[in-house]
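Below: the structure, in structure tokens.
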Amino acid sequence: MKNFIKQLLTEPDNKTFCPVRLIAFIGVGQYFTITVANYVQHAAFDAQNFAIGLGALLGGVGVALGLKKDTPQ
């Protein structure tokens, strides 16, 4: 599991951590944590705004990864 997460968060050389991927990983984790917290506390939850925000986050990460140059191998 540790190796899998390392491969998700690093450049193609599997040594250099990619800040864009790290921010995306933390952002998605935060979205799911907020969802669970709202459910446990029986708070009002707007699923449409959640989906729009998550989609914007994932779309922005996709664009950033597409435009970013990878480190040389």
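If you're wondering about the labels, chains in the structure tokens are A, B, ... by order shown, residues count from 1 in each chain, ligands from 1 in order shown.
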
Can you list, as a compact mmCIF listing (two decimals) with N, CA, C and O atoms, in the first residue's frame, all residues belonging to chain A that DSSP tags as alpha helix (DSSP H)?
# COMPACT_ATOMS: atom_id res chain seq x y z
N LYS A 2 1.94 1.24 0.78
CA LYS A 2 2.85 2.39 0.85
C LYS A 2 3.46 2.68 -0.53
O LYS A 2 3.55 3.82 -0.96
N ASN A 3 3.85 1.63 -1.23
CA ASN A 3 4.44 1.78 -2.56
C ASN A 3 3.42 2.32 -3.56
O ASN A 3 3.74 3.15 -4.40
N PHE A 4 2.17 1.87 -3.45
CA PHE A 4 1.11 2.33 -4.34
C PHE A 4 0.88 3.83 -4.18
O PHE A 4 0.79 4.57 -5.16
N ILE A 5 0.79 4.30 -2.94
CA ILE A 5 0.58 5.72 -2.68
C ILE A 5 1.79 6.53 -3.13
O ILE A 5 1.64 7.62 -3.68
N LYS A 6 2.98 5.98 -2.94
CA LYS A 6 4.18 6.69 -3.40
C LYS A 6 4.16 6.84 -4.92
O LYS A 6 4.51 7.89 -5.45
N GLN A 7 3.71 5.83 -5.64
CA GLN A 7 3.63 5.91 -7.09
C GLN A 7 2.57 6.92 -7.54
O GLN A 7 2.73 7.57 -8.57
N LEU A 8 1.50 7.07 -6.76
CA LEU A 8 0.47 8.05 -7.08
C LEU A 8 0.97 9.49 -6.92
O LEU A 8 0.56 10.38 -7.66
N LEU A 9 1.85 9.72 -5.96
CA LEU A 9 2.24 11.07 -5.60
C LEU A 9 3.57 11.52 -6.16
O LEU A 9 3.99 12.65 -5.93
N PRO A 19 4.09 18.26 -6.42
CA PRO A 19 3.21 19.08 -5.58
C PRO A 19 1.76 19.11 -6.07
O PRO A 19 0.83 19.16 -5.26
N VAL A 20 1.53 19.05 -7.36
CA VAL A 20 0.16 19.08 -7.90
C VAL A 20 -0.59 17.81 -7.48
O VAL A 20 -1.73 17.86 -7.03
N ARG A 21 0.05 16.68 -7.59
CA ARG A 21 -0.59 15.41 -7.19
C ARG A 21 -0.81 15.35 -5.69
O ARG A 21 -1.82 14.82 -5.23
N LEU A 22 0.12 15.89 -4.93
CA LEU A 22 -0.02 15.90 -3.48
C LEU A 22 -1.20 16.77 -3.05
O LEU A 22 -2.00 16.37 -2.21
N ILE A 23 -1.33 17.94 -3.67
CA ILE A 23 -2.46 18.82 -3.36
C ILE A 23 -3.78 18.15 -3.75
O ILE A 23 -4.78 18.23 -3.02
N ALA A 24 -3.82 17.47 -4.88
CA ALA A 24 -5.03 16.78 -5.31
C ALA A 24 -5.39 15.66 -4.33
O ALA A 24 -6.56 15.49 -3.96
N PHE A 25 -4.40 14.91 -3.89
CA PHE A 25 -4.62 13.80 -2.95
C PHE A 25 -5.20 14.33 -1.64
O PHE A 25 -6.18 13.79 -1.12
N ILE A 26 -4.63 15.41 -1.14
CA ILE A 26 -5.11 15.99 0.12
C ILE A 26 -6.50 16.59 -0.08
O ILE A 26 -7.38 16.45 0.78
N GLY A 27 -6.74 17.24 -1.23
CA GLY A 27 -8.04 17.85 -1.50
C GLY A 27 -9.17 16.83 -1.59
O GLY A 27 -10.24 17.04 -1.02
N VAL A 28 -8.93 15.73 -2.26
CA VAL A 28 -9.95 14.69 -2.36
C VAL A 28 -10.22 14.08 -0.98
O VAL A 28 -11.37 13.84 -0.61
N GLY A 29 -9.16 13.87 -0.21
CA GLY A 29 -9.34 13.36 1.15
C GLY A 29 -10.17 14.32 2.00
O GLY A 29 -11.00 13.89 2.80
N GLN A 30 -9.93 15.61 1.83
CA GLN A 30 -10.69 16.61 2.59
C GLN A 30 -12.16 16.58 2.18
O GLN A 30 -13.03 16.67 3.04
N TYR A 31 -12.45 16.47 0.90
CA TYR A 31 -13.84 16.41 0.46
C TYR A 31 -14.57 15.22 1.10
O TYR A 31 -15.68 15.35 1.59
N PHE A 32 -13.94 14.06 1.11
CA PHE A 32 -14.59 12.89 1.69
C PHE A 32 -14.71 13.01 3.21
O PHE A 32 -15.70 12.57 3.79
N THR A 33 -13.74 13.63 3.85
CA THR A 33 -13.81 13.83 5.30
C THR A 33 -14.96 14.76 5.65
O THR A 33 -15.71 14.52 6.61
N ILE A 34 -15.14 15.83 4.89
CA ILE A 34 -16.24 16.75 5.14
C ILE A 34 -17.58 16.05 4.93
O ILE A 34 -18.53 16.26 5.70
N THR A 35 -17.66 15.21 3.94
CA THR A 35 -18.91 14.47 3.68
C THR A 35 -19.27 13.57 4.86
O THR A 35 -20.40 13.56 5.33
N VAL A 36 -18.29 12.82 5.35
CA VAL A 36 -18.53 11.93 6.48
C VAL A 36 -18.89 12.73 7.73
O VAL A 36 -19.80 12.36 8.48
N ALA A 37 -18.20 13.83 7.97
CA ALA A 37 -18.48 14.66 9.14
C ALA A 37 -19.90 15.21 9.09
O ALA A 37 -20.61 15.23 10.11
N ASN A 38 -20.35 15.65 7.91
CA ASN A 38 -21.72 16.15 7.78
C ASN A 38 -22.74 15.05 8.02
O ASN A 38 -23.78 15.28 8.62
N TYR A 39 -22.45 13.85 7.57
CA TYR A 39 -23.37 12.72 7.77
C TYR A 39 -23.45 12.36 9.24
O TYR A 39 -24.55 12.15 9.78
N VAL A 40 -22.31 12.28 9.91
CA VAL A 40 -22.29 11.89 11.32
C VAL A 40 -22.99 12.93 12.19
O VAL A 40 -23.70 12.59 13.14
N ALA A 47 -25.50 17.96 -1.98
CA ALA A 47 -24.75 17.03 -2.82
C ALA A 47 -24.39 17.64 -4.17
O ALA A 47 -23.33 17.34 -4.72
N GLN A 48 -25.21 18.51 -4.70
CA GLN A 48 -24.92 19.12 -6.00
C GLN A 48 -23.69 20.01 -5.91
O GLN A 48 -22.81 19.94 -6.76
N ASN A 49 -23.61 20.85 -4.89
CA ASN A 49 -22.43 21.70 -4.74
C ASN A 49 -21.18 20.87 -4.45
O ASN A 49 -20.09 21.22 -4.89
N PHE A 50 -21.34 19.80 -3.71
CA PHE A 50 -20.22 18.91 -3.45
C PHE A 50 -19.69 18.34 -4.77
O PHE A 50 -18.50 18.35 -5.02
N ALA A 51 -20.59 17.86 -5.61
CA ALA A 51 -20.17 17.26 -6.87
C ALA A 51 -19.53 18.29 -7.80
O ALA A 51 -18.55 17.99 -8.48
N ILE A 52 -20.05 19.50 -7.81
CA ILE A 52 -19.47 20.56 -8.64
C ILE A 52 -18.06 20.89 -8.15
O ILE A 52 -17.14 21.04 -8.96
N GLY A 53 -17.89 21.01 -6.85
CA GLY A 53 -16.57 21.31 -6.29
C GLY A 53 -15.57 20.21 -6.53
O GLY A 53 -14.41 20.46 -6.91
N LEU A 54 -16.00 18.97 -6.33
CA LEU A 54 -15.10 17.84 -6.56
C LEU A 54 -14.73 17.73 -8.04
O LEU A 54 -13.57 17.49 -8.39
N GLY A 55 -15.69 17.96 -8.92
CA GLY A 55 -15.41 17.92 -10.35
C GLY A 55 -14.46 19.02 -10.77
O GLY A 55 -13.56 18.81 -11.59
N ALA A 56 -14.62 20.21 -10.18
CA ALA A 56 -13.70 21.31 -10.48
C ALA A 56 -12.29 20.99 -9.99
O ALA A 56 -11.30 21.27 -10.68
N LEU A 57 -12.20 20.39 -8.82
CA LEU A 57 -10.89 20.01 -8.28
C LEU A 57 -10.20 18.99 -9.18
O LEU A 57 -9.04 19.16 -9.56
N LEU A 58 -10.92 17.95 -9.55
CA LEU A 58 -10.34 16.91 -10.39
C LEU A 58 -10.03 17.43 -11.79
O LEU A 58 -9.01 17.06 -12.39
N GLY A 59 -10.89 18.27 -12.33
CA GLY A 59 -10.62 18.86 -13.65
C GLY A 59 -9.40 19.77 -13.63
O GLY A 59 -8.58 19.74 -14.54
N GLY A 60 -9.28 20.57 -12.58
CA GLY A 60 -8.11 21.44 -12.45
C GLY A 60 -6.82 20.66 -12.32
O GLY A 60 -5.79 21.03 -12.88
N VAL A 61 -6.87 19.57 -11.58
CA VAL A 61 -5.69 18.73 -11.44
C VAL A 61 -5.32 18.09 -12.77
O VAL A 61 -4.16 18.01 -13.15
N GLY A 62 -6.32 17.65 -13.51
CA GLY A 62 -6.06 17.06 -14.83
C GLY A 62 -5.40 18.05 -15.77
O GLY A 62 -4.45 17.71 -16.48
N VAL A 63 -5.89 19.28 -15.76
CA VAL A 63 -5.29 20.33 -16.60
C VAL A 63 -3.87 20.63 -16.14
O VAL A 63 -2.94 20.74 -16.95
N ALA A 64 -3.67 20.74 -14.82
CA ALA A 64 -2.34 21.04 -14.30
C ALA A 64 -1.34 19.94 -14.63
O ALA A 64 -0.20 20.22 -15.01
N LEU A 65 -1.76 18.70 -14.52
CA LEU A 65 -0.85 17.59 -14.85
C LEU A 65 -0.58 17.53 -16.35
O LEU A 65 0.50 17.16 -16.78
N GLY A 66 -1.58 17.91 -17.15
CA GLY A 66 -1.38 17.90 -18.60
C GLY A 66 -0.45 19.00 -19.08
O GLY A 66 0.29 18.81 -20.05
N LEU A 67 -0.47 20.14 -18.41
CA LEU A 67 0.37 21.27 -18.82
C LEU A 67 1.76 21.25 -18.20
O LEU A 67 2.68 21.87 -18.72
